[in-house]
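S.K.: Encoded as structure tokens, here's the structure I'll be asking about.
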4 protein chains.
Amino acid sequence: MIKVGEHGWLEKDAPVAGPLDAIVRPIAVAPCSSDTHVMHGGAGPFENRILGHEAVGIVEEVGELVKNFKPGDKVAINCVTPDWNVQNVQRKGSNPSHDVGLMGSFKFVLQEDGVFAELFKVNNADANLVIIPDDVPIKSALMAADMMPTGFYAAEQANIQLGDTVVVFGIGPVGLMAVAGARLLGAGRIYAIGTRKNCAELALEYGATEIISYKDGNTVEQILEKEGGQVDSVIIAGSNASAINEALALVKPNGTISSVNFYDISEKFDIPLIEWGLGMSDVTLKTGFCPGGGMRMEKMLNLIQAGRVDPSKLINYEFEGFDKIPDAFIMMDEKPRDLIKPAVFFDKIE
Amino acid sequence: MIKVGEHGWLEKDAPVAGPLDAIVRPIAVAPCSSDTHVMHGGAGPFENRILGHEAVGIVEEVGELVKNFKPGDKVAINCVTPDWNVQNVQRKGSNPSHDVGLMGSFKFVLQEDGVFAELFKVNNADANLVIIPDDVPIKSALMAADMMPTGFYAAEQANIQLGDTVVVFGIGPVGLMAVAGARLLGAGRIYAIGTRKNCAELALEYGATEIISYKDGNTVEQILEKEGGQVDSVIIAGSNASAINEALALVKPNGTISSVNFYDISEKFDIPLIEWGLGMSDVTLKTGFCPGGGMRMEKMLNLIQAGRVDPSKLINYEFEGFDKIPDAFIMMDEKPRDLIKPAVFFDKIE
Amino acid sequence: MIKVGEHGWLEKDAPVAGPLDAIVRPIAVAPCSSDTHVMHGGAGPFENRILGHEAVGIVEEVGELVKNFKPGDKVAINCVTPDWNVQNVQRKGSNPSHDVGLMGSFKFVLQEDGVFAELFKVNNADANLVIIPDDVPIKSALMAADMMPTGFYAAEQANIQLGDTVVVFGIGPVGLMAVAGARLLGAGRIYAIGTRKNCAELALEYGATEIISYKDGNTVEQILEKEGGQVDSVIIAGSNASAINEALALVKPNGTISSVNFYDISEKFDIPLIEWGLGMSDVTLKTGFCPGGGMRMEKMLNLIQAGRVDPSKLINYEFEGFDKIPDAFIMMDEKPRDLIKPAVFFDKIE
Amino acid sequence: MIKVGEHGWLEKDAPVAGPLDAIVRPIAVAPCSSDTHVMHGGAGPFENRILGHEAVGIVEEVGELVKNFKPGDKVAINCVTPDWNVQNVQRKGSNPSHDVGLMGSFKFVLQEDGVFAELFKVNNADANLVIIPDDVPIKSALMAADMMPTGFYAAEQANIQLGDTVVVFGIGPVGLMAVAGARLLGAGRIYAIGTRKNCAELALEYGATEIISYKDGNTVEQILEKEGGQVDSVIIAGSNASAINEALALVKPNGTISSVNFYDISEKFDIPLIEWGLGMSDVTLKTGFCPGGGMRMEKMLNLIQAGRVDPSKLINYEFEGFDKIPDAFIMMDEKPRDLIKPAVFFDKIE
């Protein structure tokens, strides 16, 4: 990102490792819609900022206080890398992704340069890196950087109890992972709302029991009718701010709405309180940002290793070679209709 | 309530106890702003409906399946009396107050006649009644019907951890009990927002560490300045729907907003998403309705008995005699500035 | 059960429905080791008690206060049927299976006659029955009476977070369902401890990633070595009281041990406190009994319907006809080595 | 500690601050029974180890990576100071006090030299130190190092809901803080078990509603009779391993036992399973170690500042001057009958 609305290659000095940092050479990266969102100015008027927050790589160098990693280690990195020495992350049960304030732990792109580079820096390396086991494919580890932990967090926040019925708004890559997460957490029926054919097929594979499309009529009415009533939980992982109104119509008293959408600064919730039971419905709305850190990453890799989920299926456009990053980035920006997730592999694709 | 906007005495046959019911003769009742709200049509065009949901009384008669209560028992009753044979109340961790749907467990007033009567019916008596111990004053037991469990629920929903900072919007009777509840659950600093002098004094007595008044400037700014930043939890127990926007400005990432307001049908939440961290702030909004049932009542009485809280201080207007119910009701409707809570005692006030 | 140690047919009058009850005619039943345990006197010197607590059936008659079920309904019933009018079941987050004290909600066998009869009684029918949908096989609904909700509860109590490593002691029917439950709740690696070949195969099918047998050496050492350290959670669903010591050796600080074993009255925990980190390890031990009620059953059927688990695979001995109950019961008592779970179907097996 | 069983002054070089560390000069310290326990060999054959883990002090020097503290800051320090760069502390909802394994975060005494010194080192200073506000007395801040957070943790682990009945074993300083913690978390009746007169008086002041002494008969029977049944939660903060058996006799099905006792290596739990409802009682046993870190300390200081609790009342023996540390230590070792907690203040006592 050269300036708002303009992207291109930047020449910069190699990043330098502080005592707790690691310098990582990426071997695969994936652009995300939040990268393009930033490029268009969605996070402010950055200039000369390297974009990208989804990567796997090889440790090139470590700071003098790093104990558990060394050059040559093949590592996965959550897109969110908290500074664990900040007291804010210590609250019991909290998401550590707001270390020095809102999204403070999102170092790549928002605080510093991102991963679309020959080398990038990871803060608090001991706390934020994790070795990729040999039996975890690179593609899967790459999807564990953001898509999987964000989608799964959406499901974790939804208070799913065994056998519950869940609705998922959106079947883009995060929505698909939310479907998989809801299944992993014990949901019974899962309604996924979306229309794109390849996404719908993947949603069914990941655990949706029914695909709901606006083309077949009002989505809320379709679900209420099929379900014979309201549902336990609604996950918003796509659509826009008006999804909250549909979610409120869908969810039972005592139910939960979990949103991981990155809303645009121009959007607002506009909720007549009759939709929220005049405040008496015991409905909970949770919003959330991808929880970061090394243990989270390890858990993601454990799930892949145990065969519980295969997030590599999200990648349906593959590029080969460092110089193809712009192609992948432009594709993400233009979002061809059949795109789920593009990725760039710097070596031969395994 | 004779019809919308009109109140007066109704002549009705005495209620008949079904097999699981008890018939109770009230000895003290308290009007609540939701009674007057209903009278003005806030819950629909009821006709010939007896109002009132806060009472203590003497069991007059029990149904044939009632095992644990008998005529002559002096009992307290939560204003919400779920039908515990409905499967909806079985969800783990849920509020049982929505038995057959939204507020379904609110039998008095909304489903059937209320307690401003010579006799009233309590469904599922074994599950919903509780004996008042001799050392619990009638006034306190009366405040345990709605003010105390609702205010405390507001605090329970606010995810308060030991030493947290909490803001409470509103210092009417429910807000005051929310203050007391926040203190009982381990809050450190408690900012209570309100202006009425006697309420402010009571708020300090119940545990508020600071009273914030709009007369001293913008309330949000006052709190942010005194606190040196945002707070852990915000409780909304008063004010109107716009309090949500102030709450969002006050609460930290990872914080919780708990609302027990009964919003008017004409109100709406109007929330620019920038106020909600574009959905990334991990802020939770919980709405809630008074949790009912006998065990809840017993816990309230336990707290009174152990001296943890004295809710009788809420009552600052006392009436004597059954025929004074309209006076108390009209007072609640007109809300003189120094009113906290009126109550009517049918016998001499102890 | 005629008396301790002696079983046979009893002639009894047909059960009579109280106002809240239903009378059900079983169409399939399954003996459980707790039935044989009771027969041998494990729960006291019962006489002339009809055994059996796992059944599905057809409603024959309902009490006058039953609203939602009628004769002819095909129903599933949790083996635990709480009296929901008892205040004990109202505690937030609690297991309702101790209505009037320890195991008080276990009406079949312990409090009253069980289900190995031409007709049996279900208390609080509206709260405890659930219609079996057409697409849920009878075999699966039968396994939802006890094996599935008990095994799943073991997993729910184990505080499993996404990607955690779990050890399950025992691969009998409850242990197998605990394996399935751990997978359904998001476990990564699952070590199942047992030796019987057909059970081991089924454990792998239900989600175990590794079978550990004492025949290959010390089970604790095997797991610590394969895992490269301790695990997050241990489920005890088999073995005897000494499993607790192995569980403590296996679990990390902050980990959880969840036991659903029905221990014999002669057993004891004998735990040198060094095994429990001298009390400093933050290890939690939860014991538990099958949570009952209709909503629980509905959730179990939802999971079957959505294809999340197929508990019918547990049944590997099938009997046809009411008069085969004793054969199945004797088989359960003698436990041939390849037995997982026997069941008796009164009509043709679907 | 010179060697097991022998204490005396050690001459050592001043500690050196690593990049994340602070060097603190204590202004007040308190000996704890775990210090004397270690001196007698309870934690292994240490030699030339400086004891002590409860202190407040002035920052003397900070490492180059420390951002938020500087020489001259008056600071409080939890006795447990995790290394927050270790991934183990990242588990959601977990106690961070086991960073590299059991009690790994207990750096003072167990891993390194303690605080009974002219200078001592605090690891991860930014994460573990907290400024003492002017209105928090030094004595209170000193009790916030271990007594208060340990006792409060005992209460937090006990799953106390508003109005619950709680039993606390032990009215030493940790037990007294557990009583205060139970009150702060909303307990109704609190039975405190102990006999020492001054401790009993303080227990009543901190919130106990009844003191139970073995001198008046069997403590379990006394409580069951006064309560009219079993209780919701039991906290073990004193007594020995046999308290578990009494706790099991006292607690309801679905209840919780929370132990923060540091048991001796020679002790064991010896629990006939009939006492644990044959494993069917849904009783939970949680063990726990003082949760550390700066945010925890800040919350403790918030509670003191807001007037919720005054832990300084625990200190009933005060010494003045650095050279009085041995006197206080010997007093703690000998435990005169009226001792609650000794403390040493290096300057004039405020």
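Going by the structure tokens order, chains are called A, B, ..., each with residues numbered from 1, while ligands are numbered from 1 in the order shown.
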Go ahead and align chain B to chain D (same sequence, so just pair every C-alpha in order, least squares) and export the moved chain as a short mmCIF file (atom, residue, chain, number, x, y, z; two decimals) with C-alpha atoms, in the first residue's frame.

M.R.:
data_model
loop_
_atom_site.label_atom_id
_atom_site.label_comp_id
_atom_site.auth_asym_id
_atom_site.auth_seq_id
_atom_site.Cartn_x
_atom_site.Cartn_y
_atom_site.Cartn_z
CA MET B 1 17.41 -20.42 54.54
CA ILE B 2 20.89 -21.81 54.77
CA LYS B 3 19.87 -25.39 54.47
CA VAL B 4 16.91 -27.51 55.49
CA GLY B 5 15.95 -26.64 59.03
CA GLU B 6 18.46 -23.85 59.37
CA HIS B 7 17.85 -20.17 58.75
CA GLY B 8 20.09 -17.13 59.05
CA TRP B 9 21.39 -14.16 57.09
CA LEU B 10 22.96 -14.78 53.72
CA GLU B 11 25.39 -12.44 52.01
CA LYS B 12 24.69 -12.33 48.31
CA ASP B 13 25.46 -10.02 45.41
CA ALA B 14 22.69 -7.64 44.51
CA PRO B 15 20.32 -9.12 41.94
CA VAL B 16 20.77 -7.91 38.37
CA ALA B 17 17.84 -6.79 36.26
CA GLY B 18 17.35 -8.63 32.99
CA PRO B 19 15.74 -6.64 30.16
CA LEU B 20 12.17 -7.33 31.36
CA ASP B 21 12.89 -7.27 35.10
CA ALA B 22 12.72 -4.74 37.87
CA ILE B 23 14.83 -4.62 40.99
CA VAL B 24 12.73 -3.66 44.01
CA ARG B 25 13.80 -2.48 47.45
CA PRO B 26 11.23 -3.78 49.96
CA ILE B 27 9.68 -1.42 52.47
CA ALA B 28 7.52 -4.03 54.17
CA VAL B 29 7.44 -7.82 54.14
CA ALA B 30 5.41 -10.54 55.76
CA PRO B 31 6.43 -14.10 56.47
CA CYS B 32 4.00 -16.81 55.50
CA SER B 33 3.66 -20.35 56.72
CA SER B 34 4.83 -21.55 53.31
CA ASP B 35 8.15 -19.83 53.95
CA THR B 36 8.61 -21.77 57.14
CA HIS B 37 7.35 -24.90 55.38
CA VAL B 38 10.10 -24.48 52.77
CA MET B 39 12.67 -23.86 55.48
CA HIS B 40 11.77 -27.20 57.03
CA GLY B 41 12.33 -28.89 53.71
CA GLY B 42 8.74 -29.04 52.51
CA ALA B 43 9.70 -28.07 48.97
CA GLY B 44 13.01 -29.88 48.69
CA PRO B 45 16.58 -29.52 49.92
CA PHE B 46 17.26 -25.91 48.97
CA GLU B 47 20.50 -24.36 50.17
CA ASN B 48 21.35 -20.70 50.49
CA ARG B 49 17.95 -19.63 49.26
CA ILE B 50 16.53 -16.29 50.32
CA LEU B 51 12.96 -16.83 51.55
CA GLY B 52 9.92 -14.55 51.49
CA HIS B 53 7.27 -13.85 48.86
CA GLU B 54 5.08 -11.14 50.39
CA ALA B 55 6.44 -7.64 50.00
CA VAL B 56 5.77 -4.12 48.86
CA GLY B 57 8.62 -1.87 47.85
CA ILE B 58 10.18 0.85 45.78
CA VAL B 59 11.46 0.23 42.28
CA GLU B 60 15.22 0.64 42.31
CA GLU B 61 16.07 -0.22 38.71
CA VAL B 62 14.30 -1.49 35.62
CA GLY B 63 15.46 -3.49 32.63
CA GLU B 64 15.77 -1.88 29.23
CA LEU B 65 12.48 -3.31 27.89
CA VAL B 66 10.37 -2.19 30.84
CA LYS B 67 8.05 0.59 29.70
CA ASN B 68 5.60 1.36 32.46
CA PHE B 69 7.66 1.50 35.65
CA LYS B 70 10.65 3.54 36.72
CA PRO B 71 12.91 3.88 39.75
CA GLY B 72 11.09 5.45 42.65
CA ASP B 73 7.69 3.90 41.92
CA LYS B 74 6.01 2.48 45.00
CA VAL B 75 4.75 -0.91 43.95
CA ALA B 76 2.74 -3.91 45.08
CA ILE B 77 3.61 -7.36 43.79
CA ASN B 78 1.58 -10.53 43.78
CA CYS B 79 3.55 -13.38 45.30
CA VAL B 80 3.09 -15.18 41.98
CA THR B 81 4.74 -13.51 39.00
CA PRO B 82 4.13 -15.46 35.80
CA ASP B 83 6.38 -15.33 32.79
CA TRP B 84 3.70 -14.12 30.39
CA ASN B 85 5.72 -15.06 27.34
CA VAL B 86 5.10 -18.73 28.04
CA GLN B 87 2.22 -20.17 26.01
CA ASN B 88 0.81 -22.15 28.96
CA VAL B 89 -0.65 -19.00 30.49
CA GLN B 90 -2.81 -18.36 27.41
CA ARG B 91 -5.52 -20.92 28.06
CA LYS B 92 -8.91 -19.22 28.31
CA GLY B 93 -10.18 -19.10 31.87
CA SER B 94 -7.08 -20.74 33.34
CA ASN B 95 -4.95 -19.74 36.26
CA PRO B 96 -1.70 -18.32 34.85
CA SER B 97 0.27 -19.50 37.86
CA HIS B 98 1.63 -22.62 36.21
CA ASP B 99 3.68 -21.06 33.42
CA VAL B 100 6.22 -23.78 32.76
CA GLY B 101 4.46 -26.42 34.79
CA LEU B 102 3.07 -26.86 38.28
CA MET B 103 3.57 -23.62 40.27
CA GLY B 104 6.08 -22.51 37.67
CA SER B 105 4.99 -18.89 38.08
CA PHE B 106 5.97 -18.91 41.74
CA LYS B 107 9.39 -17.41 41.12
CA PHE B 108 10.14 -16.17 44.63
CA VAL B 109 11.54 -18.88 46.86
CA LEU B 110 10.71 -21.85 44.64
CA GLN B 111 12.56 -20.76 41.48
CA GLU B 112 14.76 -17.95 42.69
CA ASP B 113 15.59 -15.88 45.75
CA GLY B 114 12.68 -14.34 47.63
CA VAL B 115 11.93 -10.96 49.10
CA PHE B 116 13.54 -11.08 52.56
CA ALA B 117 16.46 -9.12 51.19
CA GLU B 118 17.69 -5.58 50.68
CA LEU B 119 16.80 -5.89 47.02
CA PHE B 120 14.84 -8.47 45.07
CA LYS B 121 14.09 -9.11 41.44
CA VAL B 122 10.67 -9.12 39.79
CA ASN B 123 10.44 -10.82 36.40
CA ASN B 124 8.22 -9.40 33.64
CA ALA B 125 7.90 -6.15 35.51
CA ASP B 126 5.43 -4.51 33.14
CA ALA B 127 3.09 -7.45 33.56
CA ASN B 128 3.55 -8.09 37.26
CA LEU B 129 3.99 -4.78 39.07
CA VAL B 130 1.32 -2.31 40.01
CA ILE B 131 1.61 1.19 41.47
CA ILE B 132 0.17 1.56 44.97
CA PRO B 133 -2.25 4.50 44.97
CA ASP B 134 -1.75 7.05 47.72
CA ASP B 135 -4.99 6.10 49.45
CA VAL B 136 -4.12 2.43 49.80
CA PRO B 137 -2.28 1.77 53.07
CA ILE B 138 0.99 -0.16 52.91
CA LYS B 139 -0.36 -2.76 55.31
CA SER B 140 -3.27 -3.47 53.03
CA ALA B 141 -1.09 -3.61 49.94
CA LEU B 142 1.14 -6.08 51.74
CA MET B 143 -1.80 -8.34 52.51
CA ALA B 144 -2.74 -8.14 48.82
CA ALA B 145 0.42 -10.06 47.91
CA ASP B 146 -0.83 -13.47 48.96
CA MET B 147 -3.42 -13.65 51.75
CA MET B 148 -6.10 -11.71 49.93
CA PRO B 149 -5.74 -13.08 46.37
CA THR B 150 -5.39 -16.64 47.67
CA GLY B 151 -8.35 -16.41 50.02
CA PHE B 152 -10.44 -14.68 47.38
CA TYR B 153 -9.49 -17.29 44.81
CA ALA B 154 -10.77 -19.96 47.16
CA ALA B 155 -14.11 -18.16 47.08
CA GLU B 156 -14.05 -17.57 43.32
CA GLN B 157 -13.49 -21.27 42.71
CA ALA B 158 -16.43 -22.18 44.94
CA ASN B 159 -19.13 -21.34 42.36
CA ILE B 160 -21.03 -19.09 44.76
CA GLN B 161 -24.34 -17.77 43.47
CA LEU B 162 -26.18 -14.89 45.15
CA GLY B 163 -27.60 -15.97 48.48
CA ASP B 164 -25.80 -19.31 48.66
CA THR B 165 -24.71 -20.89 51.91
CA VAL B 166 -20.98 -21.43 52.25
CA VAL B 167 -18.81 -23.22 54.79
CA VAL B 168 -15.18 -22.14 55.26
CA PHE B 169 -12.72 -24.52 56.92
CA GLY B 170 -10.03 -22.54 58.68
CA ILE B 171 -9.87 -19.01 60.02
CA GLY B 172 -6.18 -18.34 59.69
CA PRO B 173 -5.32 -15.40 57.44
CA VAL B 174 -6.19 -17.22 54.19
CA GLY B 175 -9.40 -18.61 55.66
CA LEU B 176 -10.38 -15.15 56.89
CA MET B 177 -9.83 -13.77 53.41
CA ALA B 178 -11.88 -16.66 52.03
CA VAL B 179 -14.70 -15.59 54.32
CA ALA B 180 -14.36 -12.01 53.08
CA GLY B 181 -14.21 -13.27 49.51
CA ALA B 182 -17.35 -15.37 49.90
CA ARG B 183 -19.17 -12.33 51.23
CA LEU B 184 -17.83 -10.18 48.36
CA LEU B 185 -19.15 -12.73 45.88
CA GLY B 186 -22.66 -12.70 47.26
CA ALA B 187 -22.87 -15.52 49.77
CA GLY B 188 -25.77 -15.46 52.24
CA ARG B 189 -24.99 -17.54 55.30
CA ILE B 190 -21.29 -18.25 55.90
CA TYR B 191 -20.23 -20.80 58.49
CA ALA B 192 -16.58 -20.43 59.49
CA ILE B 193 -14.96 -23.34 61.29
CA GLY B 194 -12.29 -22.52 63.85
CA THR B 195 -11.62 -21.93 67.50
CA ARG B 196 -9.15 -19.11 68.07
CA LYS B 197 -10.96 -16.22 69.66
CA ASN B 198 -9.42 -13.27 67.84
CA CYS B 199 -9.70 -15.07 64.52
CA ALA B 200 -13.34 -15.88 65.23
CA GLU B 201 -14.08 -12.23 65.93
CA LEU B 202 -12.38 -11.17 62.74
CA ALA B 203 -14.26 -13.84 60.79
CA LEU B 204 -17.54 -12.34 61.96
CA GLU B 205 -16.30 -8.90 60.98
CA TYR B 206 -15.33 -10.16 57.52
CA GLY B 207 -18.74 -11.66 56.92
CA ALA B 208 -19.16 -14.99 58.67
CA THR B 209 -22.67 -15.36 60.04
CA GLU B 210 -21.75 -18.19 62.40
CA ILE B 211 -18.56 -19.59 63.94
CA ILE B 212 -18.41 -23.34 64.36
CA SER B 213 -15.98 -24.85 66.81
CA TYR B 214 -15.14 -28.50 67.30
CA LYS B 215 -15.33 -27.75 71.01
CA ASP B 216 -19.10 -27.56 70.69
CA GLY B 217 -19.36 -31.01 69.11
CA ASN B 218 -18.96 -32.56 65.69
CA THR B 219 -18.60 -29.65 63.27
CA VAL B 220 -20.39 -31.36 60.40
CA GLU B 221 -23.38 -32.21 62.54
CA GLN B 222 -23.53 -28.73 63.99
CA ILE B 223 -23.70 -27.18 60.53
CA LEU B 224 -26.19 -29.67 59.10
CA GLU B 225 -28.44 -29.02 62.06
CA LYS B 226 -28.20 -25.24 62.03
CA GLU B 227 -28.63 -25.14 58.26
CA GLY B 228 -31.36 -27.74 58.17
CA GLY B 229 -29.53 -29.61 55.45
CA GLN B 230 -26.47 -29.46 53.23
CA VAL B 231 -24.82 -26.36 51.85
CA ASP B 232 -24.00 -25.05 48.38
CA SER B 233 -20.24 -24.64 48.67
CA VAL B 234 -17.39 -25.57 50.96
CA ILE B 235 -14.05 -23.80 51.02
CA ILE B 236 -11.02 -25.52 52.49
CA ALA B 237 -8.48 -22.98 53.67
CA GLY B 238 -6.98 -24.67 56.65
CA SER B 239 -7.23 -28.02 58.43
CA ASN B 240 -5.65 -31.06 56.83
CA ALA B 241 -6.51 -33.59 54.14
CA SER B 242 -9.32 -35.15 56.14
CA ALA B 243 -11.33 -31.95 55.69
CA ILE B 244 -12.28 -33.29 52.27
CA ASN B 245 -14.39 -35.99 53.89
CA GLU B 246 -16.20 -33.49 56.06
CA ALA B 247 -16.66 -31.23 53.05
CA LEU B 248 -18.27 -34.07 51.11
CA ALA B 249 -20.64 -34.68 54.00
CA LEU B 250 -21.59 -31.01 54.04
CA VAL B 251 -22.11 -30.24 50.37
CA LYS B 252 -25.30 -30.74 48.35
CA PRO B 253 -25.51 -32.64 45.12
CA ASN B 254 -24.41 -30.11 42.46
CA GLY B 255 -22.29 -28.32 45.07
CA THR B 256 -18.65 -27.30 44.90
CA ILE B 257 -15.66 -27.84 47.17
CA SER B 258 -12.82 -25.39 46.68
CA SER B 259 -9.48 -26.09 48.30
CA VAL B 260 -6.49 -23.75 48.47
CA ASN B 261 -4.66 -25.73 51.12
CA PHE B 262 -0.99 -26.41 50.60
CA TYR B 263 -1.06 -30.03 51.73
CA ASP B 264 1.94 -31.75 53.16
CA ILE B 265 3.72 -34.30 51.02
CA SER B 266 2.81 -36.95 53.59
CA GLU B 267 -0.95 -36.38 53.37
CA LYS B 268 -3.53 -38.16 51.27
CA PHE B 269 -7.21 -38.06 50.43
CA ASP B 270 -8.89 -41.21 51.67
CA ILE B 271 -12.46 -41.04 50.40
CA PRO B 272 -14.92 -43.94 50.56
CA LEU B 273 -16.98 -43.40 47.43
CA ILE B 274 -20.23 -43.60 49.33
CA GLU B 275 -19.23 -40.15 50.62
CA TRP B 276 -19.11 -38.92 47.03
CA GLY B 277 -22.53 -40.33 46.14
CA LEU B 278 -20.87 -43.28 44.41
CA GLY B 279 -19.72 -40.75 41.85
CA MET B 280 -23.27 -39.67 41.03
CA SER B 281 -23.54 -36.49 43.08
CA ASP B 282 -22.36 -33.89 40.58
CA VAL B 283 -20.09 -32.53 43.30
CA THR B 284 -17.06 -30.67 41.96
CA LEU B 285 -13.72 -30.45 43.71
CA LYS B 286 -11.44 -27.64 42.65
CA THR B 287 -7.93 -27.19 43.94
CA GLY B 288 -6.06 -24.00 43.40
CA PHE B 289 -3.02 -21.86 43.74
CA CYS B 290 -2.87 -18.08 44.09
CA PRO B 291 -3.46 -16.49 40.67
CA GLY B 292 -0.72 -13.99 39.94
CA GLY B 293 -0.03 -11.01 37.76
CA GLY B 294 -0.42 -7.27 37.78
CA MET B 295 -4.08 -7.01 36.80
CA ARG B 296 -5.01 -9.28 39.69
CA MET B 297 -3.07 -7.00 42.04
CA GLU B 298 -4.76 -3.94 40.65
CA LYS B 299 -8.16 -5.49 41.28
CA MET B 300 -7.16 -6.26 44.87
CA LEU B 301 -6.06 -2.66 45.39
CA ASN B 302 -9.31 -1.45 43.79
CA LEU B 303 -11.28 -3.38 46.39
CA ILE B 304 -9.25 -1.90 49.21
CA GLN B 305 -9.57 1.59 47.77
CA ALA B 306 -13.32 1.28 47.39
CA GLY B 307 -13.59 0.19 51.01
CA ARG B 308 -14.96 -3.25 50.18
CA VAL B 309 -12.53 -5.01 52.49
CA ASP B 310 -9.76 -4.09 54.89
CA PRO B 311 -7.14 -6.84 54.86
CA SER B 312 -4.78 -4.88 57.09
CA LYS B 313 -6.74 -6.20 60.05
CA LEU B 314 -5.04 -9.53 59.54
CA ILE B 315 -1.75 -8.11 60.77
CA ASN B 316 -1.72 -8.39 64.52
CA TYR B 317 2.03 -8.47 65.12
CA GLU B 318 4.09 -5.64 63.72
CA PHE B 319 7.87 -5.35 63.68
CA GLU B 320 9.90 -2.32 62.75
CA GLY B 321 13.19 -2.47 60.91
CA PHE B 322 14.84 -4.72 58.36
CA ASP B 323 16.74 -6.58 61.09
CA LYS B 324 13.48 -7.75 62.63
CA ILE B 325 12.73 -10.13 59.76
CA PRO B 326 14.12 -13.11 61.69
CA ASP B 327 11.93 -12.29 64.68
CA ALA B 328 8.82 -12.24 62.53
CA PHE B 329 9.93 -15.38 60.73
CA ILE B 330 10.50 -17.24 63.98
CA MET B 331 7.14 -16.07 65.25
CA MET B 332 5.49 -17.48 62.13
CA ASP B 333 7.35 -20.72 62.64
CA GLU B 334 6.31 -20.99 66.28
CA LYS B 335 2.77 -19.73 65.72
CA PRO B 336 1.76 -18.36 69.12
CA ARG B 337 -1.89 -19.04 69.67
CA ASP B 338 -3.03 -15.47 69.14
CA LEU B 339 -1.01 -14.89 65.99
CA ILE B 340 -2.91 -14.10 62.83
CA LYS B 341 -0.26 -12.54 60.65
CA PRO B 342 3.04 -10.84 61.47
CA ALA B 343 4.60 -8.16 59.28
CA VAL B 344 7.83 -6.20 59.23
CA PHE B 345 7.93 -2.53 58.23
CA PHE B 346 11.30 -1.05 57.39
CA ASP B 347 10.31 2.53 58.03
CA LYS B 348 8.04 3.99 60.63
CA ILE B 349 4.68 2.25 60.56
CA GLU B 350 2.11 4.51 59.00
#

S.K.: Could you write out, as a ChimeraX atom specification, all the residues of stretch 142-171 of chain D that DSSP marks as strand (DSSP E or B)?

M.R.: /D:166-169

S.K.: Using DSSP assignments from the backbone, pull out every residue in stretch 21-235 of chain C that falls under helix (DSSP H, G or I) and give it to me as a ChimeraX atom specification.

M.R.: /C:33-39,87-90,125-128,138-143,147-156,173-184,197-206,214-216,219-227
